[in-house]
>>> print(open('entry.csv').read())   # CSV, C-alpha atoms and all ligand atoms
chain,number,residue,atom,x,y,z
A,10,MET,CA,106.0,122.9,105.5
A,11,THR,CA,107.2,119.5,104.1
A,12,ASP,CA,107.6,120.5,100.4
A,13,SER,CA,111.2,119.5,100.3
A,14,VAL,CA,110.5,116.1,101.8
A,15,MET,CA,109.4,113.4,99.3
A,16,PRO,CA,105.7,112.9,99.8
A,17,THR,CA,105.9,109.1,100.4
A,18,TYR,CA,103.7,109.3,103.6
A,19,GLY,CA,100.1,110.2,104.1
A,20,ARG,CA,100.8,112.2,107.3
A,21,LEU,CA,98.3,113.4,109.9
A,22,ASP,CA,98.4,117.1,110.6
A,23,VAL,CA,100.3,117.0,113.9
A,24,ALA,CA,103.9,117.1,115.0
A,25,PHE,CA,105.3,116.2,118.4
A,26,SER,CA,108.0,118.0,120.4
A,27,LYS,CA,108.2,116.0,123.6
A,28,GLY,CA,107.4,112.5,124.9
A,29,GLU,CA,107.3,111.1,128.4
A,30,GLY,CA,106.1,107.5,129.2
A,31,VAL,CA,102.9,106.8,127.1
A,32,TRP,CA,102.3,110.6,126.6
A,33,LEU,CA,103.3,112.8,123.7
A,34,THR,CA,103.0,116.6,123.5
A,35,ASP,CA,102.5,118.3,120.2
A,36,THR,CA,104.0,121.6,119.1
A,37,GLU,CA,100.9,123.5,120.4
A,38,GLY,CA,101.2,121.9,123.8
A,39,ASN,CA,98.3,119.4,123.5
A,40,LYS,CA,98.8,116.0,125.1
A,41,TYR,CA,98.1,112.6,123.5
A,42,LEU,CA,98.0,109.0,124.8
A,43,ASP,CA,100.3,107.1,122.5
A,44,ALA,CA,98.7,103.7,121.9
A,45,LEU,CA,101.0,102.9,119.0
A,46,SER,CA,104.5,103.3,120.4
A,47,GLY,CA,105.7,104.7,117.1
A,48,ILE,CA,104.4,101.4,115.5
A,49,ALA,CA,105.7,98.9,118.0
A,50,VAL,CA,109.1,100.7,118.5
A,51,CYS,CA,109.1,102.7,121.7
A,52,ASN,CA,108.0,99.8,123.8
A,53,LEU,CA,109.4,101.3,127.0
A,54,GLY,CA,107.6,104.5,126.3
A,55,HIS,CA,109.2,107.9,125.5
A,56,SER,CA,112.2,109.4,127.2
A,57,HIS,CA,112.7,106.3,129.4
A,58,PRO,CA,115.5,107.3,131.8
A,59,ALA,CA,117.5,104.1,131.4
A,60,ILE,CA,117.5,104.5,127.6
A,61,THR,CA,118.4,108.2,127.7
A,62,LYS,CA,121.2,107.3,130.0
A,63,ALA,CA,122.5,104.5,127.8
A,64,ILE,CA,122.5,106.7,124.8
A,65,CYS,CA,124.3,109.6,126.5
A,66,SER,CA,126.9,107.5,128.3
A,67,GLN,CA,127.7,105.4,125.2
A,68,ALA,CA,127.8,108.5,123.0
A,69,ASP,CA,130.2,110.0,125.4
A,70,LYS,CA,132.5,106.9,125.0
A,71,LEU,CA,132.2,105.6,121.4
A,72,ILE,CA,129.4,105.6,118.8
A,73,HIS,CA,130.8,103.9,115.7
A,74,THR,CA,133.9,102.1,114.6
A,75,SER,CA,133.1,99.7,111.7
A,76,ASN,CA,132.6,96.0,111.4
A,77,ILE,CA,136.2,95.9,110.2
A,78,TYR,CA,137.0,95.6,113.9
A,79,HIS,CA,135.7,93.6,116.8
A,80,ILE,CA,132.7,95.2,118.6
A,81,PRO,CA,132.4,93.7,122.1
A,82,LEU,CA,129.0,95.2,122.7
A,83,GLN,CA,127.7,93.4,119.5
A,84,GLN,CA,129.1,90.2,120.9
A,85,GLU,CA,127.3,90.8,124.2
A,86,LEU,CA,124.0,91.6,122.4
A,87,ALA,CA,124.3,88.5,120.2
A,88,GLU,CA,124.8,86.4,123.3
A,89,LYS,CA,121.8,87.9,125.1
A,90,LEU,CA,119.5,87.5,122.1
A,91,THR,CA,120.6,83.9,121.4
A,92,SER,CA,120.1,83.0,125.0
A,93,LEU,CA,116.6,84.6,125.2
A,94,SER,CA,115.6,83.0,121.9
A,95,GLY,CA,117.4,79.7,121.7
A,96,MET,CA,118.9,80.7,118.3
A,97,GLU,CA,122.6,80.2,117.7
A,98,GLN,CA,124.0,83.3,116.0
A,99,ALA,CA,123.0,86.9,115.1
A,100,PHE,CA,123.7,89.4,112.3
A,101,PHE,CA,123.0,93.0,113.0
A,102,CYS,CA,121.6,95.6,110.6
A,103,ASN,CA,119.4,98.7,110.9
A,104,SER,CA,115.8,97.9,110.0
A,105,GLY,CA,113.2,95.2,109.6
A,106,ALA,CA,113.5,95.2,105.9
A,107,GLU,CA,117.2,94.6,106.1
A,108,ALA,CA,116.8,91.8,108.6
A,109,ASN,CA,114.4,90.2,106.1
A,110,GLU,CA,116.8,90.8,103.2
A,111,THR,CA,119.4,88.9,105.3
A,112,ALA,CA,117.0,86.1,105.7
A,113,ILE,CA,116.2,86.0,102.0
A,114,LYS,CA,119.9,85.9,101.1
A,115,ILE,CA,120.4,83.0,103.6
A,116,ALA,CA,117.5,81.1,102.0
A,117,ARG,CA,118.9,81.5,98.5
A,118,LYS,CA,122.4,80.5,99.5
A,119,TYR,CA,121.0,77.6,101.4
A,120,GLY,CA,119.2,76.5,98.2
A,121,HIS,CA,122.4,76.9,96.2
A,122,SER,CA,124.3,74.8,98.7
A,123,LYS,CA,121.7,72.0,98.0
A,124,GLY,CA,122.2,72.4,94.2
A,125,ILE,CA,119.0,74.3,93.7
A,126,ASP,CA,119.8,77.0,91.0
A,127,LYS,CA,116.5,78.9,91.3
A,128,PRO,CA,115.4,78.7,94.9
A,129,VAL,CA,111.9,79.6,95.8
A,130,ILE,CA,110.7,81.1,99.0
A,131,ILE,CA,107.1,80.5,100.1
A,132,VAL,CA,105.4,83.7,101.5
A,133,MET,CA,101.9,84.5,102.7
A,134,ASP,CA,98.9,86.5,101.6
A,135,GLY,CA,98.4,89.5,103.8
A,136,SER,CA,102.0,89.6,105.0
A,137,PHE,CA,104.2,92.6,105.4
A,138,HIS,CA,108.0,92.3,105.2
A,139,GLY,CA,109.2,95.8,104.2
A,140,ARG,CA,109.8,98.2,101.3
A,141,THR,CA,113.0,97.1,99.7
A,142,LEU,CA,112.6,95.3,96.4
A,143,ALA,CA,112.9,91.8,97.7
A,144,THR,CA,110.9,92.4,100.9
A,145,LEU,CA,108.1,94.3,99.0
A,146,THR,CA,108.0,91.3,96.7
A,147,ALA,CA,107.6,89.0,99.7
A,148,THR,CA,104.9,91.3,101.1
A,149,GLY,CA,101.4,90.0,100.4
A,150,ASN,CA,99.7,93.3,99.5
A,151,PRO,CA,99.2,94.3,95.9
A,152,LYS,CA,99.3,98.0,96.8
A,153,VAL,CA,102.9,97.7,98.0
A,154,HIS,CA,103.8,96.1,94.6
A,155,ALA,CA,102.0,98.5,92.3
A,156,GLY,CA,104.4,100.5,90.1
A,157,PHE,CA,107.5,98.6,91.1
A,158,GLU,CA,107.3,95.7,88.7
A,159,PRO,CA,109.3,93.7,87.7
A,160,LEU,CA,109.3,92.2,91.1
A,161,VAL,CA,112.1,90.0,92.4
A,162,PRO,CA,111.8,86.4,91.1
A,163,GLY,CA,111.8,83.4,93.5
A,164,PHE,CA,108.7,83.9,95.6
A,165,VAL,CA,105.4,82.1,95.6
A,166,ARG,CA,102.5,83.1,97.7
A,167,ILE,CA,99.9,81.0,99.5
A,168,PRO,CA,97.0,81.8,102.0
A,169,TYR,CA,98.1,82.4,105.6
A,170,ASN,CA,96.9,80.0,108.3
A,171,ASP,CA,96.4,77.2,105.8
A,172,LEU,CA,98.6,74.1,106.2
A,173,ASP,CA,97.0,72.3,103.3
A,174,ALA,CA,98.0,75.2,101.0
A,175,LEU,CA,101.6,74.9,102.4
A,176,ARG,CA,101.6,71.2,101.9
A,177,MET,CA,100.5,71.6,98.3
A,178,ALA,CA,103.0,74.4,97.6
A,179,ILE,CA,105.8,72.3,98.9
A,180,SER,CA,104.9,69.4,96.6
A,181,HIS,CA,104.3,71.7,93.7
A,182,TRP,CA,107.7,73.6,94.0
A,183,PRO,CA,110.6,71.2,94.3
A,184,GLU,CA,112.8,74.4,94.3
A,185,ALA,CA,111.2,75.6,97.6
A,186,VAL,CA,113.9,76.3,100.2
A,187,ALA,CA,112.2,78.3,102.8
A,188,VAL,CA,108.9,79.5,104.3
A,189,MET,CA,108.7,83.1,105.5
A,190,LEU,CA,105.9,84.3,107.7
A,191,GLU,CA,104.9,86.3,110.7
A,192,PRO,CA,103.6,84.5,113.9
A,193,VAL,CA,100.9,87.2,114.0
A,194,GLN,CA,100.3,89.4,111.0
A,195,GLY,CA,100.6,92.9,112.2
A,196,GLU,CA,100.1,95.2,109.1
A,197,GLY,CA,97.8,92.6,107.7
A,198,GLY,CA,95.2,93.4,110.5
A,199,VAL,CA,96.5,91.7,113.7
A,200,LYS,CA,95.7,88.3,112.2
A,201,ILE,CA,96.3,85.5,114.7
A,202,PRO,CA,96.6,82.0,113.2
A,203,ASP,CA,95.1,78.9,114.7
A,204,ALA,CA,96.9,77.5,117.7
A,205,ASP,CA,98.4,74.6,115.9
A,206,TYR,CA,99.4,76.5,112.7
A,207,LEU,CA,103.0,77.5,113.5
A,208,ALA,CA,103.8,74.0,114.8
A,209,GLY,CA,102.4,72.6,111.6
A,210,VAL,CA,104.6,74.9,109.5
A,211,ARG,CA,107.6,73.8,111.6
A,212,GLU,CA,106.8,70.2,111.1
A,213,LEU,CA,106.4,70.6,107.3
A,214,CYS,CA,109.7,72.6,107.1
A,215,THR,CA,111.6,70.0,109.1
A,216,GLN,CA,110.2,67.1,107.0
A,217,ARG,CA,111.0,68.8,103.7
A,218,LYS,CA,114.2,70.5,104.9
A,219,LEU,CA,112.9,74.0,104.3
A,220,LEU,CA,114.1,76.9,106.4
A,221,MET,CA,111.3,78.3,108.7
A,222,MET,CA,111.9,82.0,108.7
A,223,LEU,CA,109.9,84.0,111.2
A,224,ASP,CA,109.5,87.7,110.7
A,225,GLU,CA,109.2,88.9,114.3
A,226,VAL,CA,110.0,92.5,113.4
A,227,GLN,CA,106.8,93.5,115.0
A,228,THR,CA,106.0,90.6,117.3
A,229,GLY,CA,109.5,90.2,118.8
A,230,ILE,CA,111.0,91.6,121.9
A,231,GLY,CA,108.0,91.1,124.2
A,232,ARG,CA,105.2,92.5,122.1
A,233,THR,CA,103.1,89.4,122.5
A,234,GLY,CA,103.9,88.9,126.2
A,235,GLU,CA,106.7,86.4,125.5
A,236,TRP,CA,110.1,87.5,124.3
A,237,PHE,CA,109.3,86.1,120.9
A,238,GLY,CA,105.9,85.2,119.3
A,239,PHE,CA,107.1,81.6,118.6
A,240,GLN,CA,107.6,81.1,122.4
A,241,HIS,CA,103.9,80.7,122.8
A,242,HIS,CA,104.4,77.3,121.4
A,243,GLU,CA,106.4,74.6,123.2
A,244,ASN,CA,109.5,73.1,121.6
A,245,LEU,CA,109.2,75.3,118.5
A,246,LEU,CA,112.3,77.1,117.2
A,247,PRO,CA,112.5,78.7,113.7
A,248,ASP,CA,115.7,78.4,111.6
A,249,VAL,CA,115.8,82.1,110.9
A,250,LEU,CA,114.4,84.8,113.2
A,251,MET,CA,114.1,88.5,112.1
A,252,LEU,CA,113.9,91.3,114.6
A,253,ALA,CA,113.9,95.1,114.5
A,254,LYS,CA,111.3,97.6,115.7
A,255,GLY,CA,111.2,97.2,119.5
A,256,LEU,CA,114.8,96.1,119.9
A,257,GLY,CA,116.2,99.7,120.0
A,258,ASN,CA,113.2,101.6,121.5
A,259,GLY,CA,113.7,104.1,118.6
A,260,ILE,CA,117.4,103.8,117.9
A,261,PRO,CA,117.5,102.0,114.5
A,262,ILE,CA,118.6,98.4,114.8
A,263,GLY,CA,117.6,95.1,113.1
A,264,ALA,CA,118.8,91.6,113.7
A,265,CYS,CA,118.7,88.3,111.8
A,266,LEU,CA,119.3,85.2,114.0
A,267,VAL,CA,120.0,81.7,112.8
A,268,ALA,CA,119.7,78.2,114.1
A,269,ASN,CA,119.9,74.6,112.8
A,270,ASP,CA,120.5,74.4,109.0
A,271,ALA,CA,120.7,78.2,108.7
A,272,VAL,CA,123.9,78.3,110.7
A,273,GLY,CA,127.1,78.7,108.6
A,274,ILE,CA,125.3,79.6,105.4
A,275,LEU,CA,126.6,83.2,105.3
A,276,GLU,CA,130.4,83.3,105.2
A,277,ALA,CA,132.9,86.1,105.4
A,278,GLY,CA,132.3,88.6,102.5
A,279,ASN,CA,128.7,87.3,101.9
A,280,HIS,CA,126.9,90.1,103.7
A,281,GLY,CA,127.5,93.2,105.7
A,282,SER,CA,126.3,96.6,106.9
A,283,THR,CA,128.2,99.9,107.6
A,284,PHE,CA,126.2,100.9,110.6
A,285,GLY,CA,124.9,97.5,111.6
A,286,GLY,CA,125.5,96.7,115.3
A,287,ASN,CA,127.6,99.7,116.2
A,288,PRO,CA,128.5,100.3,119.9
A,289,LEU,CA,125.7,102.9,120.4
A,290,VAL,CA,122.8,100.8,119.1
A,291,CYS,CA,124.0,97.6,120.8
A,292,GLN,CA,124.3,99.4,124.2
A,293,VAL,CA,120.8,100.7,123.8
A,294,ALA,CA,119.4,97.3,122.7
A,295,LEU,CA,121.1,95.6,125.7
A,296,THR,CA,119.5,98.3,127.9
A,297,VAL,CA,116.0,97.6,126.4
A,298,LEU,CA,116.4,93.9,127.1
A,299,ARG,CA,117.6,94.6,130.7
A,300,VAL,CA,114.7,96.9,131.4
A,301,ILE,CA,112.1,94.5,130.1
A,302,GLU,CA,113.6,91.8,132.4
A,303,SER,CA,114.1,93.9,135.5
A,304,ALA,CA,110.7,95.5,135.4
A,305,ASN,CA,109.0,92.2,134.6
A,306,LEU,CA,107.4,93.8,131.6
A,307,LEU,CA,106.5,90.5,129.9
A,308,GLN,CA,104.3,89.5,132.8
A,309,HIS,CA,102.8,93.0,132.9
A,310,VAL,CA,102.0,92.9,129.2
A,311,SER,CA,100.3,89.5,129.5
A,312,GLN,CA,98.3,90.5,132.5
A,313,LEU,CA,97.2,93.9,131.3
A,314,SER,CA,96.5,92.5,127.9
A,315,GLU,CA,93.8,90.3,129.4
A,316,GLN,CA,92.3,93.2,131.4
A,317,ILE,CA,92.3,95.4,128.3
A,318,THR,CA,90.6,92.7,126.2
A,319,LYS,CA,88.0,92.2,128.8
A,320,ALA,CA,87.4,95.9,129.2
A,321,PHE,CA,86.9,96.3,125.4
A,322,GLN,CA,84.5,93.4,125.5
A,323,HIS,CA,82.6,95.1,128.3
A,324,GLU,CA,82.6,98.6,126.8
A,325,LEU,CA,81.6,97.2,123.4
A,326,ALA,CA,79.0,94.7,124.6
A,327,GLY,CA,75.9,95.1,122.5
A,328,GLN,CA,77.8,96.9,119.7
A,329,GLU,CA,77.4,94.8,116.6
A,330,GLY,CA,80.0,94.7,113.9
A,331,VAL,CA,83.2,94.7,116.0
A,332,LYS,CA,85.5,91.7,116.5
A,333,ILE,CA,88.2,92.1,119.2
A,334,ARG,CA,91.5,90.3,118.7
A,335,SER,CA,94.6,90.4,121.0
A,336,CYS,CA,97.9,88.8,121.5
A,337,GLY,CA,99.8,90.5,124.3
A,338,PHE,CA,100.0,94.2,123.5
A,339,MET,CA,98.9,93.7,119.9
A,340,PHE,CA,95.2,94.6,119.7
A,341,GLY,CA,93.1,94.5,116.6
A,342,LEU,CA,89.5,95.8,116.6
A,343,GLU,CA,88.0,94.7,113.3
A,344,LEU,CA,85.0,96.6,112.2
A,345,GLU,CA,82.6,95.3,109.6
A,346,ILE,CA,83.0,98.6,107.7
A,347,GLU,CA,86.0,100.6,106.5
A,348,CYS,CA,87.1,102.9,109.3
A,349,GLY,CA,90.2,104.8,108.3
A,350,GLU,CA,88.7,108.1,109.4
A,351,LEU,CA,88.8,106.9,113.0
A,352,VAL,CA,92.5,107.7,113.1
A,353,GLN,CA,91.8,111.4,112.8
A,354,LYS,CA,88.8,111.2,115.1
A,355,SER,CA,90.9,109.5,117.7
A,356,LEU,CA,93.7,112.0,117.3
A,357,ASP,CA,91.1,114.8,117.9
A,358,LYS,CA,90.3,113.0,121.2
A,359,GLY,CA,94.0,112.8,122.2
A,360,LEU,CA,94.5,109.2,121.4
A,361,LEU,CA,97.0,107.8,118.8
A,362,VAL,CA,95.9,104.7,117.1
A,363,ASN,CA,96.3,103.2,113.6
A,364,VAL,CA,93.9,101.6,111.1
A,365,THR,CA,95.4,98.8,109.0
A,366,ALA,CA,93.9,96.6,106.3
A,367,GLY,CA,91.2,99.2,105.9
A,368,ASN,CA,88.9,98.1,108.8
A,369,VAL,CA,91.1,97.0,111.6
A,370,ILE,CA,91.9,99.5,114.4
A,371,ARG,CA,95.4,98.5,115.6
A,372,LEU,CA,96.7,99.3,119.1
A,373,LEU,CA,100.4,98.6,120.0
A,374,PRO,CA,100.7,100.4,123.4
A,375,PRO,CA,104.0,100.8,125.2
A,376,PHE,CA,104.7,98.0,127.7
A,377,ILE,CA,105.0,100.5,130.5
A,378,MET,CA,101.3,101.5,130.2
A,379,ASN,CA,99.5,101.4,133.6
A,380,THR,CA,96.0,100.4,134.4
A,381,ASP,CA,94.6,104.0,134.4
A,382,GLU,CA,96.2,104.8,131.0
A,383,ALA,CA,94.9,101.5,129.6
A,384,ASN,CA,91.4,102.4,130.9
A,385,THR,CA,91.6,105.8,129.2
A,386,MET,CA,92.6,104.1,126.0
A,387,VAL,CA,89.7,101.6,126.1
A,388,VAL,CA,87.0,104.1,127.1
A,389,THR,CA,88.1,106.7,124.6
A,390,LEU,CA,88.3,104.3,121.7
A,391,SER,CA,85.1,102.4,122.6
A,392,GLU,CA,83.1,105.7,122.7
A,393,LEU,CA,84.5,106.6,119.3
A,394,ILE,CA,83.6,103.3,117.8
A,395,LYS,CA,80.0,103.5,119.2
A,396,THR,CA,79.6,107.0,117.9
A,397,PHE,CA,81.1,106.0,114.5
A,398,PHE,CA,78.5,103.2,114.1
A,399,ALA,CA,75.7,105.4,115.3
A,400,GLU,CA,76.7,108.0,112.7
A,401,GLN,CA,76.9,105.4,109.9
A,402,GLU,CA,73.4,104.2,110.8
A,403,HIS,CA,72.1,107.8,110.8
A,404,GLU,CA,73.6,108.3,107.4
A,405,ASN,CA,72.1,105.1,106.0
A,406,VAL,CA,68.7,106.1,107.3
A,407,ALA,CA,69.0,109.6,105.8
B,1,LIG,C1,107.6,97.0,110.2
B,1,LIG,C2,107.8,95.7,109.7
B,1,LIG,C3,108.8,95.4,108.7
B,1,LIG,C4,109.7,96.5,108.1
B,1,LIG,O1,110.5,97.1,109.0
B,1,LIG,P1,111.3,98.4,108.6
B,1,LIG,O2,112.1,98.7,109.8
B,1,LIG,O3,110.3,99.5,108.3
B,1,LIG,O4,112.1,98.1,107.4
B,1,LIG,C5,109.0,94.1,108.3
B,1,LIG,N1,108.2,93.1,108.8
B,1,LIG,C6,107.2,93.3,109.8
B,1,LIG,C7,106.4,92.2,110.3
B,1,LIG,C8,107.0,94.6,110.2
B,1,LIG,O5,106.0,94.9,111.1
>>> encode(input="entry.csv", output="structure tokens", more="lines below")
Ligand SMILES: *Cc1c(COP(=O)(O)O)cnc(C)c1O
Amino acid sequence: MTDSVMPTYGRLDVAFSKGEGVWLTDTEGNKYLDALSGIAVCNLGHSHPAITKAICSQADKLIHTSNIYHIPLQQELAEKLTSLSGMEQAFFCNSGAEANETAIKIARKYGHSKGIDKPVIIVMDGSFHGRTLATLTATGNPKVHAGFEPLVPGFVRIPYNDLDALRMAISHWPEAVAVMLEPVQGEGGVKIPDADYLAGVRELCTQRKLLMMLDEVQTGIGRTGEWFGFQHHENLLPDVLMLAKGLGNGIPIGACLVANDAVGILEAGNHGSTFGGNPLVCQVALTVLRVIESANLLQHVSQLSEQITKAFQHELAGQEGVKIRSCGFMFGLELEIECGELVQKSLDKGLLVNVTAGNVIRLLPPFIMNTDEANTMVVTLSELIKTFFAEQEHENVA
């Protein structure tokens, strides 16, 4: 069926033809609870009426002109995002990788402006930043690098959640210009750093005049229960903030926001995008932000997150070998054994989940999920996990 598509994905044997809220229907008419939101993208669920309306009415007026001209909706979206985040300016592109590429270019040019010819960006083990050459180099996963060497120069890697390692790297690399990291590592296994880690990174960056570049492609736009992951920490602002996934609810858009020393680095002619920030995507992104606000979804995510976490603890009480992590609507259930096969088993039960880092079941439900749906998700997955462990034990005995 997909012979003419390059086989770059290990796909599950299912295709969907309709979505509504948290539910997806496959081409055979079976229904599934989508606990992944298209990987943190469709945060308002599928076929949200406000999004459908925004797409249709904007398509009826104007889809694309070019960044050769002013785009008032882009201006409006930049104002909204800067006011929500405290950042100063925005650049628009079409994906997370491109938002990160923008950040990497800013870091390098910032370095050159300080007379550093070969700027170095400090990145983390276990990180994920995208699939372009520079962002795959920044990514802390050898599988993503394999076969694409030579990698892009100018990156050094240190352990995540380790301020001593950062301190040492900064003293070891006088060419260091920036630190790039995720506030919670998503692909890396929903890794939540210590409460004082981000503030520690901020302090070191400020002291040594490095740019703190936060990849909030997954954590941004409400995923953690705040607009941005860094807002869980008081008085903390990154210098560069990268967004994508949830910003367009499925319409491709990425953004790179700057503050402090990162402002004014990119000048006319330094960077650009043909599609970036066209009227259609900006209208949709503005609508996403408006719906999150008007439906109080940040509060809903925070509250329901707590209930879901407690429900998992309750359902899995007595089950050894599972650790439950959560930050808003990012859930990671870490099993002590590899559990990739649970993705198919869960699909068979009508629940869409993902396994990352080999042994972490990841849930990224849509923000509009209600208590009943959350309950179905928790009970279905908990049963699967318990059965999975029981089967493993049986196998070991046999
Ligand atoms: C998904 C993701 C990316 C890459 O985004 P694309 O839109 O696939 O290029 C980058 N960083 C993080 C943290 C992500 O989760």
>>> residues_near_ligand(input="entry.csv", ligand="ligand LIG 1 (chain B)", cutoff="6 Å", atoms="all atoms listed in the file", output="list of chain:residue names")
A:Ser104, A:Gly105, A:Ala106, A:Phe137, A:His138, A:Gly139, A:Gly195, A:Asp224, A:Glu225, A:Val226, A:Gln227
>>> residues_around(input="entry.csv", residues="A:Gly197", least_positions_apart="2", cutoff="6 Å", atoms="only C-alpha atoms", output="compact mmCIF listing (two decimals) with C-alpha atoms, in the coordinates of the input")
# COMPACT_ATOMS: atom_id res chain seq x y z
CA GLY A 135 98.40 89.50 103.80
CA SER A 136 102.00 89.60 105.00
CA GLN A 194 100.30 89.40 111.00
CA GLY A 195 100.60 92.90 112.20
CA ALA A 366 93.90 96.60 106.30
>>> residues_around(input="entry.csv", residues="stretch 10-24 of chain A", least_positions_apart="6", cutoff="8 Å", atoms="only C-alpha atoms", output="list in words")
Asp35, Thr36 and Gln353 of chain A
>>> residues_around(input="entry.csv", residues="A:Met221", least_positions_apart="2", cutoff="8 Å", atoms="all atoms listed in the file", output="PyMOL selection string")
chain A and resi 187-189+210-211+214+219+223+247-249
>>> closest_atom_pairs(input="entry.csv", of="stretch 284-327 of chain A", to="stretch 82-93 of chain A", cutoff="8 Å", atoms="only C-alpha atoms", output="Markdown table")
| residue | atom | partner | partner_atom | distance |
| --- | --- | --- | --- | --- |
| A:Gly286 | CA | A:Gln83 | CA | 5.8 |
| A:Asn287 | CA | A:Gln83 | CA | 7.1 |
| A:Pro288 | CA | A:Leu82 | CA | 5.8 |
| A:Cys291 | CA | A:Gln83 | CA | 5.7 |
| A:Gln292 | CA | A:Leu82 | CA | 6.5 |
| A:Ala294 | CA | A:Leu86 | CA | 7.3 |
| A:Leu295 | CA | A:Leu86 | CA | 5.9 |
>>> residues_around(input="entry.csv", residues="A:Ala63", least_positions_apart="4", cutoff="10 Å", atoms="only C-alpha atoms", output="mmCIF file with C-alpha atoms, in the frame of the given file")
data_model
loop_
_atom_site.group_PDB
_atom_site.id
_atom_site.type_symbol
_atom_site.label_atom_id
_atom_site.label_comp_id
_atom_site.auth_asym_id
_atom_site.auth_seq_id
_atom_site.Cartn_x
_atom_site.Cartn_y
_atom_site.Cartn_z
ATOM 1 C CA PRO A 58 115.500 107.300 131.800
ATOM 2 C CA ALA A 59 117.500 104.100 131.400
ATOM 3 C CA GLN A 67 127.700 105.400 125.200
ATOM 4 C CA ALA A 68 127.800 108.500 123.000
ATOM 5 C CA ASP A 69 130.200 110.000 125.400
ATOM 6 C CA LEU A 289 125.700 102.900 120.400
ATOM 7 C CA VAL A 290 122.800 100.800 119.100
ATOM 8 C CA CYS A 291 124.000 97.600 120.800
ATOM 9 C CA GLN A 292 124.300 99.400 124.200
ATOM 10 C CA VAL A 293 120.800 100.700 123.800
ATOM 11 C CA ALA A 294 119.400 97.300 122.700
ATOM 12 C CA LEU A 295 121.100 95.600 125.700
ATOM 13 C CA THR A 296 119.500 98.300 127.900
ATOM 14 C CA VAL A 297 116.000 97.600 126.400
#
>>> closest_residue(input="entry.csv", among="A:Trp32, A:Pro128, A:Met222, A:Ile301", to="A:Val267", atoms="all atoms listed in the file")
A:Met222
>>> atom_distance(input="entry.csv", atom1="atom CA of A:Ile274", atom2="atom CA of A:His154")
29.2 Å
>>> residues_around(input="entry.csv", residues="A:Asp134", least_positions_apart="3", cutoff="6 Å", atoms="only C-alpha atoms", output="VMD selection string")
chain A and resid 149 167 to 169
>>> atom_distance(input="entry.csv", atom1="atom CA of A:Ile72", atom2="atom CA of A:Ile260")
12.2 Å
>>> closest_atom_pairs(input="entry.csv", of="stretch 171-274 of chain A", to="stretch 52-57 of chain A", cutoff="10 Å", atoms="all atoms listed in the file", output="CSV")
residue,atom,partner,partner_atom,distance
A:Ile230,CA,A:Asn52,CA,8.9
A:Gly231,CA,A:Asn52,CA,8.7
A:Arg232,CA,A:Asn52,CA,8.0
A:Lys254,CA,A:Asn52,CA,9.0
A:Gly255,CA,A:Asn52,CA,6.0
A:Leu256,CA,A:Asn52,CA,8.7
A:Gly257,CA,A:Asn52,CA,9.0
A:Asn258,CA,A:Asn52,CA,6.0
A:Gly259,CA,A:Asn52,CA,8.8
>>> closest_residue(input="entry.csv", among="A:Leu325, A:Leu298, A:Val165, A:Ile125", to="A:Ala178", atoms="only C-alpha atoms")
A:Val165
>>> atom_distance(input="entry.csv", atom1="atom CA of A:Asn279", atom2="atom CA of A:Ile131")
22.7 Å
>>> closest_residue(input="entry.csv", among="A:Gly263, A:Gly95, A:Gly281, A:Gly28", to="A:Ser46", atoms="all atoms listed in the file")
A:Gly28
>>> residues_near_point(input="entry.csv", point="(120.2, 86.7, 115.2)", cutoff="8 Å", atoms="all atoms listed in the file", output="list of chain:residue names")
A:Ala87, A:Leu90, A:Thr91, A:Met96, A:Glu97, A:Gln98, A:Ala99, A:Phe100, A:Phe101, A:Val249, A:Leu250, A:Met251, A:Leu252, A:Ala264, A:Cys265, A:Leu266, A:Val267
>>> decode(input="entry.csv", residues="stretch 309-314 of chain A", atoms="N, CA, C and O atoms", output="PDB file, in the first residue's frame")
ATOM      1  N   HIS A 309      -7.587  23.161  33.609  1.00  0.00           N
ATOM      2  CA  HIS A 309      -8.134  21.821  33.415  1.00  0.00           C
ATOM      3  C   HIS A 309      -6.998  20.792  33.339  1.00  0.00           C
ATOM      4  O   HIS A 309      -7.052  19.738  33.979  1.00  0.00           O
ATOM      5  N   VAL A 310      -5.965  21.118  32.555  1.00  0.00           N
ATOM      6  CA  VAL A 310      -4.820  20.196  32.404  1.00  0.00           C
ATOM      7  C   VAL A 310      -4.161  19.944  33.757  1.00  0.00           C
ATOM      8  O   VAL A 310      -3.888  18.799  34.129  1.00  0.00           O
ATOM      9  N   SER A 311      -3.930  21.016  34.522  1.00  0.00           N
ATOM     10  CA  SER A 311      -3.272  20.849  35.824  1.00  0.00           C
ATOM     11  C   SER A 311      -4.101  19.982  36.755  1.00  0.00           C
ATOM     12  O   SER A 311      -3.578  19.076  37.405  1.00  0.00           O
ATOM     13  N   GLN A 312      -5.410  20.270  36.809  1.00  0.00           N
ATOM     14  CA  GLN A 312      -6.270  19.528  37.737  1.00  0.00           C
ATOM     15  C   GLN A 312      -6.420  18.074  37.332  1.00  0.00           C
ATOM     16  O   GLN A 312      -6.245  17.165  38.144  1.00  0.00           O
ATOM     17  N   LEU A 313      -6.734  17.861  36.049  1.00  0.00           N
ATOM     18  CA  LEU A 313      -6.964  16.488  35.601  1.00  0.00           C
ATOM     19  C   LEU A 313      -5.658  15.684  35.636  1.00  0.00           C
ATOM     20  O   LEU A 313      -5.672  14.472  35.864  1.00  0.00           O
ATOM     21  N   SER A 314      -4.540  16.363  35.444  1.00  0.00           N
ATOM     22  CA  SER A 314      -3.243  15.686  35.513  1.00  0.00           C
ATOM     23  C   SER A 314      -3.053  15.036  36.874  1.00  0.00           C
ATOM     24  O   SER A 314      -2.611  13.885  36.985  1.00  0.00           O
TER      25      SER A 314
END
